[in-house]
Structure formats: structure tokens, C-alpha cells
$ cat my_file-v1.cif   # mmCIF, C-alpha atoms and all ligand atoms; chains and numbers go by the auth columns
data_entry
loop_
_atom_site.group_PDB
_atom_site.id
_atom_site.type_symbol
_atom_site.label_atom_id
_atom_site.label_comp_id
_atom_site.label_asym_id
_atom_site.label_seq_id
_atom_site.Cartn_x
_atom_site.Cartn_y
_atom_site.Cartn_z
_atom_site.B_iso_or_equiv
_atom_site.auth_seq_id
_atom_site.auth_asym_id
ATOM 1 C CA MET A 1 152.668 87.682 28.970 0.00 1 A
ATOM 2 C CA GLN A 2 152.085 91.196 27.698 0.00 2 A
ATOM 3 C CA ASP A 3 154.626 90.926 24.897 0.00 3 A
ATOM 4 C CA LEU A 4 153.579 87.698 23.218 0.00 4 A
ATOM 5 C CA PRO A 5 153.016 87.898 19.483 0.00 5 A
ATOM 6 C CA GLU A 6 149.355 88.387 18.754 0.00 6 A
ATOM 7 C CA PHE A 7 148.796 84.941 17.218 0.00 7 A
ATOM 8 C CA VAL A 8 150.301 83.203 20.280 0.00 8 A
ATOM 9 C CA ASP A 9 148.183 85.364 22.525 0.00 9 A
ATOM 10 C CA GLY A 10 145.096 84.333 20.545 0.00 10 A
ATOM 11 C CA LEU A 11 146.032 80.659 20.754 0.00 11 A
ATOM 12 C CA ILE A 12 146.319 80.881 24.532 0.00 12 A
ATOM 13 C CA ASP A 13 142.922 82.573 24.730 0.00 13 A
ATOM 14 C CA ARG A 14 141.274 79.865 22.678 0.00 14 A
ATOM 15 C CA ALA A 15 142.987 77.072 24.596 0.00 15 A
ATOM 16 C CA SER A 16 142.072 78.556 27.980 0.00 16 A
ATOM 17 C CA ASN A 17 138.500 79.119 26.890 0.00 17 A
ATOM 18 C CA ARG A 18 138.308 75.466 25.825 0.00 18 A
ATOM 19 C CA LEU A 19 139.862 74.376 29.111 0.00 19 A
ATOM 20 C CA ILE A 20 137.463 76.368 31.207 0.00 20 A
ATOM 21 C CA TRP A 21 134.595 74.902 29.207 0.00 21 A
ATOM 22 C CA SER A 22 135.719 71.344 29.678 0.00 22 A
ATOM 23 C CA LEU A 23 136.665 71.584 33.356 0.00 23 A
ATOM 24 C CA ALA A 24 133.890 73.844 34.494 0.00 24 A
ATOM 25 C CA PRO A 25 131.301 72.410 36.833 0.00 25 A
ATOM 26 C CA LYS A 26 127.883 72.913 35.353 0.00 26 A
ATOM 27 C CA THR A 27 126.359 74.259 38.513 0.00 27 A
ATOM 28 C CA ARG A 28 123.206 75.921 37.295 0.00 28 A
ATOM 29 C CA ARG A 29 120.237 74.958 35.204 0.00 29 A
ATOM 30 C CA VAL A 30 118.514 77.190 32.734 0.00 30 A
ATOM 31 C CA ALA A 31 114.923 76.143 33.372 0.00 31 A
ATOM 32 C CA THR A 32 112.542 78.664 31.898 0.00 32 A
ATOM 33 C CA ALA A 33 109.164 78.423 30.224 0.00 33 A
ATOM 34 C CA ALA A 34 109.648 81.854 28.660 0.00 34 A
ATOM 35 C CA PRO A 35 112.469 82.421 26.196 0.00 35 A
ATOM 36 C CA LEU A 36 114.873 84.950 27.739 0.00 36 A
ATOM 37 C CA VAL A 37 116.999 87.360 25.729 0.00 37 A
ATOM 38 C CA SER A 38 119.561 89.774 27.184 0.00 38 A
ATOM 39 C CA PHE A 39 121.165 92.599 25.234 0.00 39 A
ATOM 40 C CA THR A 40 124.575 93.438 26.670 0.00 40 A
ATOM 41 C CA PHE A 41 127.203 96.021 25.783 0.00 41 A
ATOM 42 C CA ASP A 42 130.914 95.969 26.551 0.00 42 A
ATOM 43 C CA ASP A 43 133.345 98.847 27.323 0.00 43 A
ATOM 44 C CA VAL A 44 130.881 100.925 26.684 0.00 44 A
ATOM 45 C CA PRO A 45 130.851 103.326 23.681 0.00 45 A
ATOM 46 C CA ASP A 46 128.671 106.398 24.211 0.00 46 A
ATOM 47 C CA SER A 47 126.572 105.435 21.172 0.00 47 A
ATOM 48 C CA ALA A 48 125.469 102.291 23.017 0.00 48 A
ATOM 49 C CA TRP A 49 124.106 104.610 25.648 0.00 49 A
ATOM 50 C CA ARG A 50 122.576 107.196 23.304 0.00 50 A
ATOM 51 C CA ASN A 51 121.167 104.775 20.719 0.00 51 A
ATOM 52 C CA GLY A 52 121.224 101.227 22.105 0.00 52 A
ATOM 53 C CA ALA A 53 119.699 102.066 25.478 0.00 53 A
ATOM 54 C CA ALA A 54 117.121 104.373 23.903 0.00 54 A
ATOM 55 C CA ILE A 55 115.941 101.656 21.505 0.00 55 A
ATOM 56 C CA LEU A 56 115.541 99.160 24.350 0.00 56 A
ATOM 57 C CA GLU A 57 113.625 101.747 26.382 0.00 57 A
ATOM 58 C CA LYS A 58 111.302 102.447 23.440 0.00 58 A
ATOM 59 C CA TYR A 59 110.127 98.826 23.804 0.00 59 A
ATOM 60 C CA GLY A 60 109.980 98.912 27.591 0.00 60 A
ATOM 61 C CA ALA A 61 113.161 96.842 27.877 0.00 61 A
ATOM 62 C CA ARG A 62 116.526 97.381 29.587 0.00 62 A
ATOM 63 C CA GLY A 63 120.075 96.237 28.888 0.00 63 A
ATOM 64 C CA THR A 64 123.240 95.285 30.747 0.00 64 A
ATOM 65 C CA PHE A 65 126.265 97.559 30.291 0.00 65 A
ATOM 66 C CA TYR A 66 129.651 96.150 31.312 0.00 66 A
ATOM 67 C CA ILE A 67 131.779 99.128 32.285 0.00 67 A
ATOM 68 C CA SER A 68 135.575 99.456 32.448 0.00 68 A
ATOM 69 C CA GLY A 69 136.324 102.544 34.534 0.00 69 A
ATOM 70 C CA SER A 70 139.699 103.135 32.903 0.00 70 A
ATOM 71 C CA LEU A 71 138.004 103.696 29.534 0.00 71 A
ATOM 72 C CA GLU A 72 135.882 106.593 30.858 0.00 72 A
ATOM 73 C CA GLY A 73 135.444 109.314 28.240 0.00 73 A
ATOM 74 C CA ARG A 74 138.245 107.964 26.075 0.00 74 A
ATOM 75 C CA ILE A 75 138.268 109.215 22.509 0.00 75 A
ATOM 76 C CA GLU A 76 139.327 106.636 19.927 0.00 76 A
ATOM 77 C CA PRO A 77 139.509 107.099 16.156 0.00 77 A
ATOM 78 C CA ARG A 78 136.017 105.762 15.490 0.00 78 A
ATOM 79 C CA ARG A 79 134.306 105.811 18.835 0.00 79 A
ATOM 80 C CA GLN A 80 134.091 107.636 22.106 0.00 80 A
ATOM 81 C CA LEU A 81 133.632 105.811 25.379 0.00 81 A
ATOM 82 C CA ILE A 82 130.924 106.627 27.884 0.00 82 A
ATOM 83 C CA THR A 83 131.435 109.339 30.495 0.00 83 A
ATOM 84 C CA ARG A 84 130.612 108.859 34.165 0.00 84 A
ATOM 85 C CA GLU A 85 127.510 111.006 33.676 0.00 85 A
ATOM 86 C CA GLY A 86 126.385 108.722 30.869 0.00 86 A
ATOM 87 C CA CYS A 87 126.997 105.688 33.009 0.00 87 A
ATOM 88 C CA LEU A 88 124.990 107.128 35.884 0.00 88 A
ATOM 89 C CA GLY A 89 122.248 108.092 33.432 0.00 89 A
ATOM 90 C CA LEU A 90 121.967 104.477 32.284 0.00 90 A
ATOM 91 C CA PHE A 91 121.647 103.302 35.859 0.00 91 A
ATOM 92 C CA GLU A 92 119.011 105.898 36.676 0.00 92 A
ATOM 93 C CA ARG A 93 116.991 104.815 33.652 0.00 93 A
ATOM 94 C CA GLY A 94 116.862 101.256 34.975 0.00 94 A
ATOM 95 C CA HIS A 95 119.685 99.623 33.023 0.00 95 A
ATOM 96 C CA GLU A 96 122.071 97.256 34.725 0.00 96 A
ATOM 97 C CA ILE A 97 125.692 98.291 35.237 0.00 97 A
ATOM 98 C CA GLY A 98 128.007 95.309 35.189 0.00 98 A
ATOM 99 C CA CYS A 99 131.762 94.980 35.698 0.00 99 A
ATOM 100 C CA HIS A 100 134.251 94.598 32.819 0.00 100 A
ATOM 101 C CA THR A 101 137.339 95.072 35.079 0.00 101 A
ATOM 102 C CA PHE A 102 138.681 98.560 35.771 0.00 102 A
ATOM 103 C CA GLY A 103 141.788 98.308 33.598 0.00 103 A
ATOM 104 C CA HIS A 104 140.297 96.337 30.670 0.00 104 A
ATOM 105 C CA GLY A 105 143.177 93.869 30.598 0.00 105 A
ATOM 106 C CA LYS A 106 142.952 90.170 29.874 0.00 106 A
ATOM 107 C CA ILE A 107 142.239 88.356 33.125 0.00 107 A
ATOM 108 C CA ARG A 108 145.173 85.987 32.760 0.00 108 A
ATOM 109 C CA ASN A 109 147.587 88.901 32.685 0.00 109 A
ATOM 110 C CA TYR A 110 146.532 90.163 36.102 0.00 110 A
ATOM 111 C CA GLY A 111 147.627 87.429 38.526 0.00 111 A
ATOM 112 C CA GLY A 112 145.607 86.773 41.697 0.00 112 A
ATOM 113 C CA PRO A 113 146.251 89.825 43.927 0.00 113 A
ATOM 114 C CA ALA A 114 146.299 92.196 40.955 0.00 114 A
ATOM 115 C CA LEU A 115 142.926 90.902 39.782 0.00 115 A
ATOM 116 C CA ALA A 116 141.399 91.379 43.241 0.00 116 A
ATOM 117 C CA ALA A 117 142.830 94.903 43.394 0.00 117 A
ATOM 118 C CA ASP A 118 141.484 95.734 39.951 0.00 118 A
ATOM 119 C CA LEU A 119 137.999 94.431 40.810 0.00 119 A
ATOM 120 C CA ASP A 120 138.038 96.405 44.084 0.00 120 A
ATOM 121 C CA ARG A 121 138.987 99.485 42.133 0.00 121 A
ATOM 122 C CA SER A 122 136.195 98.875 39.646 0.00 122 A
ATOM 123 C CA ALA A 123 133.615 98.520 42.439 0.00 123 A
ATOM 124 C CA GLN A 124 134.923 101.692 44.071 0.00 124 A
ATOM 125 C CA TYR A 125 134.796 103.575 40.774 0.00 125 A
ATOM 126 C CA LEU A 126 131.156 102.621 40.227 0.00 126 A
ATOM 127 C CA ARG A 127 130.258 103.621 43.796 0.00 127 A
ATOM 128 C CA GLU A 128 132.015 106.959 43.407 0.00 128 A
ATOM 129 C CA ILE A 129 130.131 107.877 40.264 0.00 129 A
ATOM 130 C CA GLY A 130 126.829 107.183 42.008 0.00 130 A
ATOM 131 C CA ILE A 131 125.908 103.606 41.049 0.00 131 A
ATOM 132 C CA THR A 132 124.268 102.412 44.241 0.00 132 A
ATOM 133 C CA ALA A 133 123.687 98.802 43.147 0.00 133 A
ATOM 134 C CA HIS A 134 126.629 96.425 43.540 0.00 134 A
ATOM 135 C CA PRO A 135 127.791 95.131 40.133 0.00 135 A
ATOM 136 C CA ASN A 136 126.647 91.512 40.280 0.00 136 A
ATOM 137 C CA ASN A 137 127.594 90.443 36.796 0.00 137 A
ATOM 138 C CA PHE A 138 130.848 90.453 34.879 0.00 138 A
ATOM 139 C CA ALA A 139 132.003 90.201 31.270 0.00 139 A
ATOM 140 C CA TYR A 140 135.527 89.033 30.389 0.00 140 A
ATOM 141 C CA PRO A 141 137.577 91.654 28.524 0.00 141 A
ATOM 142 C CA TYR A 142 138.229 90.302 25.012 0.00 142 A
ATOM 143 C CA ASN A 143 135.935 87.392 26.016 0.00 143 A
ATOM 144 C CA ALA A 144 139.093 85.745 27.342 0.00 144 A
ATOM 145 C CA ALA A 145 138.286 83.593 30.357 0.00 145 A
ATOM 146 C CA TRP A 146 140.967 82.231 32.637 0.00 146 A
ATOM 147 C CA PRO A 147 140.354 79.140 34.790 0.00 147 A
ATOM 148 C CA LEU A 148 142.580 80.327 37.649 0.00 148 A
ATOM 149 C CA ALA A 149 140.425 83.398 38.166 0.00 149 A
ATOM 150 C CA ARG A 150 137.328 81.352 38.786 0.00 150 A
ATOM 151 C CA ARG A 151 137.292 81.544 42.584 0.00 151 A
ATOM 152 C CA GLU A 152 137.916 85.288 42.726 0.00 152 A
ATOM 153 C CA LEU A 153 135.182 85.928 40.175 0.00 153 A
ATOM 154 C CA SER A 154 132.630 83.545 41.678 0.00 154 A
ATOM 155 C CA ASN A 155 133.123 85.170 45.096 0.00 155 A
ATOM 156 C CA ARG A 156 132.127 88.503 43.624 0.00 156 A
ATOM 157 C CA PHE A 157 129.680 87.906 40.803 0.00 157 A
ATOM 158 C CA HIS A 158 126.545 85.920 40.042 0.00 158 A
ATOM 159 C CA THR A 159 127.640 85.415 36.448 0.00 159 A
ATOM 160 C CA CYS A 160 130.514 85.965 34.043 0.00 160 A
ATOM 161 C CA ARG A 161 129.919 86.255 30.322 0.00 161 A
ATOM 162 C CA GLY A 162 132.225 85.260 27.493 0.00 162 A
ATOM 163 C CA ALA A 163 131.379 84.695 23.848 0.00 163 A
ATOM 164 C CA GLY A 164 130.915 81.136 22.547 0.00 164 A
ATOM 165 C CA ALA A 165 128.070 81.777 20.093 0.00 165 A
ATOM 166 C CA ALA A 166 125.458 79.585 21.733 0.00 166 A
ATOM 167 C CA ILE A 167 122.199 79.755 23.652 0.00 167 A
ATOM 168 C CA ASN A 168 122.478 78.932 27.367 0.00 168 A
ATOM 169 C CA ARG A 169 120.334 75.855 27.906 0.00 169 A
ATOM 170 C CA GLY A 170 120.168 72.983 30.343 0.00 170 A
ATOM 171 C CA ALA A 171 123.143 72.695 32.719 0.00 171 A
ATOM 172 C CA VAL A 172 125.440 75.686 32.399 0.00 172 A
ATOM 173 C CA ASP A 173 128.450 77.230 34.064 0.00 173 A
ATOM 174 C CA PRO A 174 127.393 80.644 35.398 0.00 174 A
ATOM 175 C CA MET A 175 131.047 81.742 35.370 0.00 175 A
ATOM 176 C CA MET A 176 131.156 81.186 31.620 0.00 176 A
ATOM 177 C CA LEU A 177 127.844 82.180 30.129 0.00 177 A
ATOM 178 C CA LYS A 178 127.788 82.002 26.375 0.00 178 A
ATOM 179 C CA ALA A 179 126.792 84.869 24.161 0.00 179 A
ATOM 180 C CA VAL A 180 126.242 85.743 20.516 0.00 180 A
ATOM 181 C CA GLU A 181 128.025 88.785 19.104 0.00 181 A
ATOM 182 C CA ILE A 182 126.180 91.462 17.145 0.00 182 A
ATOM 183 C CA ARG A 183 128.814 92.937 14.825 0.00 183 A
ATOM 184 C CA GLN A 184 129.625 93.768 11.224 0.00 184 A
ATOM 185 C CA PRO A 185 128.973 92.938 8.433 0.00 185 A
ATOM 186 C CA GLU A 186 125.534 94.429 8.723 0.00 186 A
ATOM 187 C CA HIS A 187 123.696 91.723 6.729 0.00 187 A
ATOM 188 C CA GLU A 188 125.043 89.108 9.146 0.00 188 A
ATOM 189 C CA ALA A 189 123.914 91.187 12.098 0.00 189 A
ATOM 190 C CA ARG A 190 120.416 91.360 10.604 0.00 190 A
ATOM 191 C CA ASP A 191 120.389 87.593 10.114 0.00 191 A
ATOM 192 C CA LEU A 192 120.949 87.019 13.844 0.00 192 A
ATOM 193 C CA THR A 193 117.165 86.796 14.058 0.00 193 A
ATOM 194 C CA HIS A 194 117.674 83.040 13.557 0.00 194 A
ATOM 195 C CA TRP A 195 119.054 82.855 17.118 0.00 195 A
ATOM 196 C CA ILE A 196 115.889 84.556 18.363 0.00 196 A
ATOM 197 C CA ASP A 197 113.696 82.122 16.415 0.00 197 A
ATOM 198 C CA ASP A 198 115.714 79.276 17.939 0.00 198 A
ATOM 199 C CA VAL A 199 115.327 80.405 21.561 0.00 199 A
ATOM 200 C CA ALA A 200 111.634 81.176 20.989 0.00 200 A
ATOM 201 C CA LYS A 201 111.044 77.623 19.776 0.00 201 A
ATOM 202 C CA ASN A 202 113.095 75.928 22.469 0.00 202 A
ATOM 203 C CA PRO A 203 113.273 78.271 25.470 0.00 203 A
ATOM 204 C CA GLY A 204 116.616 79.042 27.054 0.00 204 A
ATOM 205 C CA TRP A 205 118.624 82.162 27.673 0.00 205 A
ATOM 206 C CA LEU A 206 120.075 83.949 24.658 0.00 206 A
ATOM 207 C CA ILE A 207 122.586 86.676 25.480 0.00 207 A
ATOM 208 C CA PHE A 208 123.669 89.106 22.793 0.00 208 A
ATOM 209 C CA PHE A 209 126.667 91.388 23.099 0.00 209 A
ATOM 210 C CA THR A 210 127.842 94.312 21.048 0.00 210 A
ATOM 211 C CA HIS A 211 129.722 97.601 21.362 0.00 211 A
ATOM 212 C CA ASP A 212 128.784 100.763 19.461 0.00 212 A
ATOM 213 C CA VAL A 213 125.306 101.371 18.026 0.00 213 A
ATOM 214 C CA LYS A 214 125.505 104.055 15.351 0.00 214 A
ATOM 215 C CA LYS A 215 125.021 104.776 11.663 0.00 215 A
ATOM 216 C CA ASP A 216 128.638 104.102 10.734 0.00 216 A
ATOM 217 C CA PRO A 217 129.573 101.436 13.271 0.00 217 A
ATOM 218 C CA THR A 218 133.008 99.963 13.931 0.00 218 A
ATOM 219 C CA ASP A 219 133.528 96.284 13.026 0.00 219 A
ATOM 220 C CA TYR A 220 132.391 95.466 16.571 0.00 220 A
ATOM 221 C CA GLY A 221 129.154 97.428 16.444 0.00 221 A
ATOM 222 C CA VAL A 222 125.834 97.650 14.648 0.00 222 A
ATOM 223 C CA THR A 223 123.522 100.298 13.170 0.00 223 A
ATOM 224 C CA PRO A 224 120.543 101.523 15.204 0.00 224 A
ATOM 225 C CA ASP A 225 118.222 100.208 12.495 0.00 225 A
ATOM 226 C CA THR A 226 119.509 96.641 12.751 0.00 226 A
ATOM 227 C CA PHE A 227 119.674 96.770 16.530 0.00 227 A
ATOM 228 C CA GLU A 228 116.015 97.809 16.643 0.00 228 A
ATOM 229 C CA HIS A 229 115.163 95.080 14.123 0.00 229 A
ATOM 230 C CA LEU A 230 116.591 92.488 16.552 0.00 230 A
ATOM 231 C CA VAL A 231 114.834 93.951 19.602 0.00 231 A
ATOM 232 C CA ARG A 232 111.512 94.022 17.767 0.00 232 A
ATOM 233 C CA HIS A 233 112.004 90.464 16.532 0.00 233 A
ATOM 234 C CA CYS A 234 112.403 89.279 20.133 0.00 234 A
ATOM 235 C CA LEU A 235 109.082 90.795 21.110 0.00 235 A
ATOM 236 C CA ASP A 236 107.366 89.558 17.928 0.00 236 A
ATOM 237 C CA ARG A 237 108.466 86.023 18.834 0.00 237 A
ATOM 238 C CA GLY A 238 107.248 86.296 22.426 0.00 238 A
ATOM 239 C CA CYS A 239 110.696 86.479 24.059 0.00 239 A
ATOM 240 C CA ARG A 240 111.173 88.291 27.320 0.00 240 A
ATOM 241 C CA ILE A 241 113.995 90.826 27.188 0.00 241 A
ATOM 242 C CA ALA A 242 115.725 90.886 30.562 0.00 242 A
ATOM 243 C CA THR A 243 118.911 92.344 31.977 0.00 243 A
ATOM 244 C CA VAL A 244 121.408 89.697 33.055 0.00 244 A
ATOM 245 C CA GLU A 245 120.535 90.321 36.697 0.00 245 A
ATOM 246 C CA ASP A 246 116.794 90.054 35.986 0.00 246 A
ATOM 247 C CA ALA A 247 117.406 86.773 34.190 0.00 247 A
ATOM 248 C CA VAL A 248 119.444 85.481 37.162 0.00 248 A
ATOM 249 C CA HIS A 249 116.485 86.275 39.402 0.00 249 A
ATOM 250 C CA SER A 250 113.903 84.773 37.127 0.00 250 A
ATOM 251 C CA LEU A 251 115.974 81.567 36.793 0.00 251 A
ATOM 252 C CA GLY A 252 116.092 81.315 40.598 0.00 252 A
ATOM 253 C CA TRP A 253 119.911 81.412 40.685 0.00 253 A
ATOM 254 C CA LYS A 254 120.056 84.181 43.233 0.00 254 A
ATOM 255 C CA ASP A 255 119.222 82.361 46.446 0.00 255 A
ATOM 256 C CA ASP A 256 121.642 79.468 46.543 0.00 256 A
ATOM 257 C CA ALA A 257 125.272 80.459 46.199 0.00 257 A
ATOM 258 C CA GLU A 258 127.435 78.462 43.811 0.00 258 A
HETATM 259 ZN ZN ZN B . 135.866 95.134 26.360 0.00 301 A
#
$ encode --input "my_file-v1.cif" --output "C-alpha cells"
Amino acid sequence: MQDLPEFVDGLIDRASNRLIWSLAPKTRRVATAAPLVSFTFDDVPDSAWRNGAAILEKYGARGTFYISGSLEGRIEPRRQLITREGCLGLFERGHEIGCHTFGHGKIRNYGGPALAADLDRSAQYLREIGITAHPNNFAYPYNAAWPLARRELSNRFHTCRGAGAAINRGAVDPMMLKAVEIRQPEHEARDLTHWIDDVAKNPGWLIFFTHDVKKDPTDYGVTPDTFEHLVRHCLDRGCRIATVEDAVHSLGWKDDAE
């Protein structure tokens, strides 16, 4: 499936995401008196570490960073990916390190044994660089879920995160948590405060995701100023900022396996 034209590839992603939504058992409940907000980062660009993590720490909060080992230190035209030292630094400062596959391929392109091998390799990579906590949470590369991977993923992770632009409320599928993207244009990123107002009024679990956090961000990133604006807005509205794993604990999802 690697060579499909891009538009066909996109159609399959959307169809499979719809399928997984409609077939998924809603096995968990988001029951929380306090509005929960998680800030998550995919890939992860080094600016998410230098700027994003530092802003969260300034407010006593922590984030979840979904790492793909194969991207380590990669230099791209407009961003550089985190090094293993950066990744370990995040962990030592109390941030959560999640899994984003090792190879950063779409899940449906792996096939069963290849997916298991990739996830083993990812876990080994994180152990080797000094992350002593098992990665309990996963984010789909390209937010592309794949129903056939469900068993493999649910055997390994408490949660998987896609996109879906919604707040997690009521009965949810932990293998397909929804999230709101923080990305360009900047004025739209700043207006994402309406999601925070929404979750503050009617508590649930709002998960944000983004990539780089820097002055001249890529289309998939945000400026430090706007990122801080969102973090501060959460606290102003009485939301609790939690890593994904902290939220799993506080929702009581940890004890009973799916
Ligand atoms: Zn990614």
C-alpha cells in the first residue's frame, strides 16, 4: 500500500478512522469532576522540548511526548527532531514519554508481525536511551488508526490517541482517544481557547496535540507565545493539566484491563 496516490491513501485513512469509530467498543467512561487537559507532542521536534516543555514546567505542569525512535536527531528543512539526550531530559524532568512507533509508518502498512516487531523495537529503543518507565500510551502516526491493529495495541498500551477534534466525554474508546490539533494559522491556534472554555464548563478530558513550538513554526506547530496563552487559559479556567498517563490514573482506568 506504500505506492498509492496520496488522495487514495487519504481516503483509506478517513474510511478506516470512521470504521474504527463506529465499530469500537466504548469500554471506558470519562467520569471526572475536574476538567482535564493534556498537552501532547508528536514525533518530537526539539523545539517542543526546548520551548513547549519549558512553558508547561513554568506553570508546574507536564506534557506527553510521543517519540518515534527512527526520527532521532533528524534534520528537516524547517525543524530538527529531538535527540536521545533531549528525550531522556524530558523524562527526567517529569514528562511522559509515549510511543509513536519506531519507524513512524502508518499502522495499516505494517501488517501484524511487522507491527509487533516495530513496537518491540520502540520499547527497546526507549529502554536503551534510559527511559525507565514503560511507554503506556501511544499516538497513531499521521493520526491514522487501523482496526486490525486493535488487539496488538490494546495488549501493550492503556490508550491510543488519534485526532478527531473533540473532547473525550462519557463512554469512550481508549484505543481511539480524540484530540484537538494546535497548528497554523496562528489566529486559529489562539482561538482554541474555546475548547478549554467548553471542557471547563462541562468537565471531560481535552487532549491537545502539536509538533514544533517556535517563533517561526511549521504548519503543524505553534509559537511559544500562543502555546503559553493556551496553557495559562487552562489554569485560569480551573482545568487540571495532566499527562495522558496521569489522566488515565485519575479516571481510574488503570486497574481494570480492557
Ligand atoms: Zn508523527
$ residues_near_point --input "my_file-v1.cif" --point "(120.7, 89.7, 18.4)" --cutoff "7 Å" --atoms "all atoms listed in the file" --output "mmCIF file with C-alpha atoms, in the coordinates of the input"
data_model
loop_
_atom_site.group_PDB
_atom_site.id
_atom_site.type_symbol
_atom_site.label_atom_id
_atom_site.label_comp_id
_atom_site.auth_asym_id
_atom_site.auth_seq_id
_atom_site.Cartn_x
_atom_site.Cartn_y
_atom_site.Cartn_z
ATOM 1 C CA ILE A 182 126.180 91.462 17.145
ATOM 2 C CA LEU A 192 120.949 87.019 13.844
ATOM 3 C CA THR A 193 117.165 86.796 14.058
ATOM 4 C CA PHE A 208 123.669 89.106 22.793
ATOM 5 C CA LEU A 230 116.591 92.488 16.552
#
$ resolve_selection --input "my_file-v1.cif" --expression "the PyMOL selection byres (((chain A and resi 38) around 6) and not hetatm)" --output "JSON, numbers by chain"
{"A": [37, 39, 207, 241, 242, 243]}
$ closest_residue --input "my_file-v1.cif" --among "A:His211, A:Lys58, A:Arg93, A:Arg28" --to "ligand ZN 301 (chain A)" --atoms "only C-alpha atoms and all ligand atoms"
A:His211
$ residues_near_ligand --input "my_file-v1.cif" --ligand "ligand ZN 301 (chain A)" --cutoff "10 Å" --atoms "all atoms listed in the file" --output "list in words"
Phe41, Asp42, Asp43, Val44, Pro45, Tyr66, Ile67, Ser68, Leu71, His100, Thr101, Gly103, His104, Gly105, Lys106, Ala139, Tyr140, Pro141, Tyr142, Asn143, Ala144, Thr210 and His211 of chain A
$ atom_distance --input "my_file-v1.cif" --atom1 "CA of Thr132 (chain A)" --atom2 "CA of Ile97 (chain A)"
10.0 Å
$ atom_distance --input "my_file-v1.cif" --atom1 "CA of Ile167 (chain A)" --atom2 "CA of Gly204 (chain A)"
6.6 Å
$ resolve_selection --input "my_file-v1.cif" --expression "the PyMOL selection byres (((chain A and resi 159) around 6) and not hetatm)" --output "PyMOL selection string"
chain A and resi 137+157-158+160+174-175
$ atom_distance --input "my_file-v1.cif" --atom1 "CA of Asp216 (chain A)" --atom2 "CA of Asp9 (chain A)"
29.5 Å
$ resolve_selection --input "my_file-v1.cif" --expression "the PyMOL selection byres (((chain A and resi 84) around 8) and not hetatm)" --output "PDB file with C-alpha atoms, keeping the file's coordinate frame"
ATOM      1  CA  GLU A  72     135.882 106.593  30.858  1.00  0.00           C
ATOM      2  CA  GLY A  73     135.444 109.314  28.240  1.00  0.00           C
ATOM      3  CA  ILE A  82     130.924 106.627  27.884  1.00  0.00           C
ATOM      4  CA  THR A  83     131.435 109.339  30.495  1.00  0.00           C
ATOM      5  CA  GLU A  85     127.510 111.006  33.676  1.00  0.00           C
ATOM      6  CA  GLY A  86     126.385 108.722  30.869  1.00  0.00           C
ATOM      7  CA  CYS A  87     126.997 105.688  33.009  1.00  0.00           C
ATOM      8  CA  LEU A  88     124.990 107.128  35.884  1.00  0.00           C
ATOM      9  CA  ILE A 129     130.131 107.877  40.264  1.00  0.00           C
TER      10      ILE A 129
END
$ closest_residue --input "my_file-v1.cif" --among "A:Pro5, A:Arg161, A:Gly69, A:Lys254" --to "Asn17 (chain A)" --atoms "only C-alpha atoms"
A:Arg161
$ closest_residue --input "my_file-v1.cif" --among "A:Thr226, A:Ser154, A:Asn202, A:Thr40" --to "Glu181 (chain A)" --atoms "all atoms listed in the file"
A:Thr40
$ residues_around --input "my_file-v1.cif" --residues "Ala171 (chain A)" --least-positions-apart "2" --cutoff "9 Å" --atoms "only C-alpha atoms" --output "ChimeraX atom specification"
/A:26-31,168-169,173
$ write_last_selection --input "my_file-v1.cif" --atoms "C-alpha atoms" --output "JSON list (two decimals), in the frame of the given file"
[["chain", "number", "residue", "atom", "x", "y", "z"],
["A", 26, "LYS", "CA", 127.88, 72.91, 35.35],
["A", 27, "THR", "CA", 126.36, 74.26, 38.51],
["A", 28, "ARG", "CA", 123.21, 75.92, 37.30],
["A", 29, "ARG", "CA", 120.24, 74.96, 35.20],
["A", 30, "VAL", "CA", 118.51, 77.19, 32.73],
["A", 31, "ALA", "CA", 114.92, 76.14, 33.37],
["A", 168, "ASN", "CA", 122.48, 78.93, 27.37],
["A", 169, "ARG", "CA", 120.33, 75.86, 27.91],
["A", 173, "ASP", "CA", 128.45, 77.23, 34.06]]
$ closest_residue --input "my_file-v1.cif" --among "A:Leu126, A:Val213, A:Leu56, A:Val222" --to "Arg183 (chain A)" --atoms "all atoms listed in the file"
A:Val222
$ closest_residue --input "my_file-v1.cif" --among "A:Trp195, A:Phe102, A:Trp146, A:Trp205" --to "Gly170 (chain A)" --atoms "all atoms listed in the file"
A:Trp205
$ residues_around --input "my_file-v1.cif" --residues "Gly52 (chain A)" --least-positions-apart "6" --cutoff "9 Å" --atoms "all atoms listed in the file" --output "VMD selection string"
chain A and resid 41 63 212 to 214 224 227 to 228
$ closest_residue --input "my_file-v1.cif" --among "A:Gly238, A:Pro203, A:Pro135, A:Pro113" --to "Arg156 (chain A)" --atoms "all atoms listed in the file"
A:Pro135
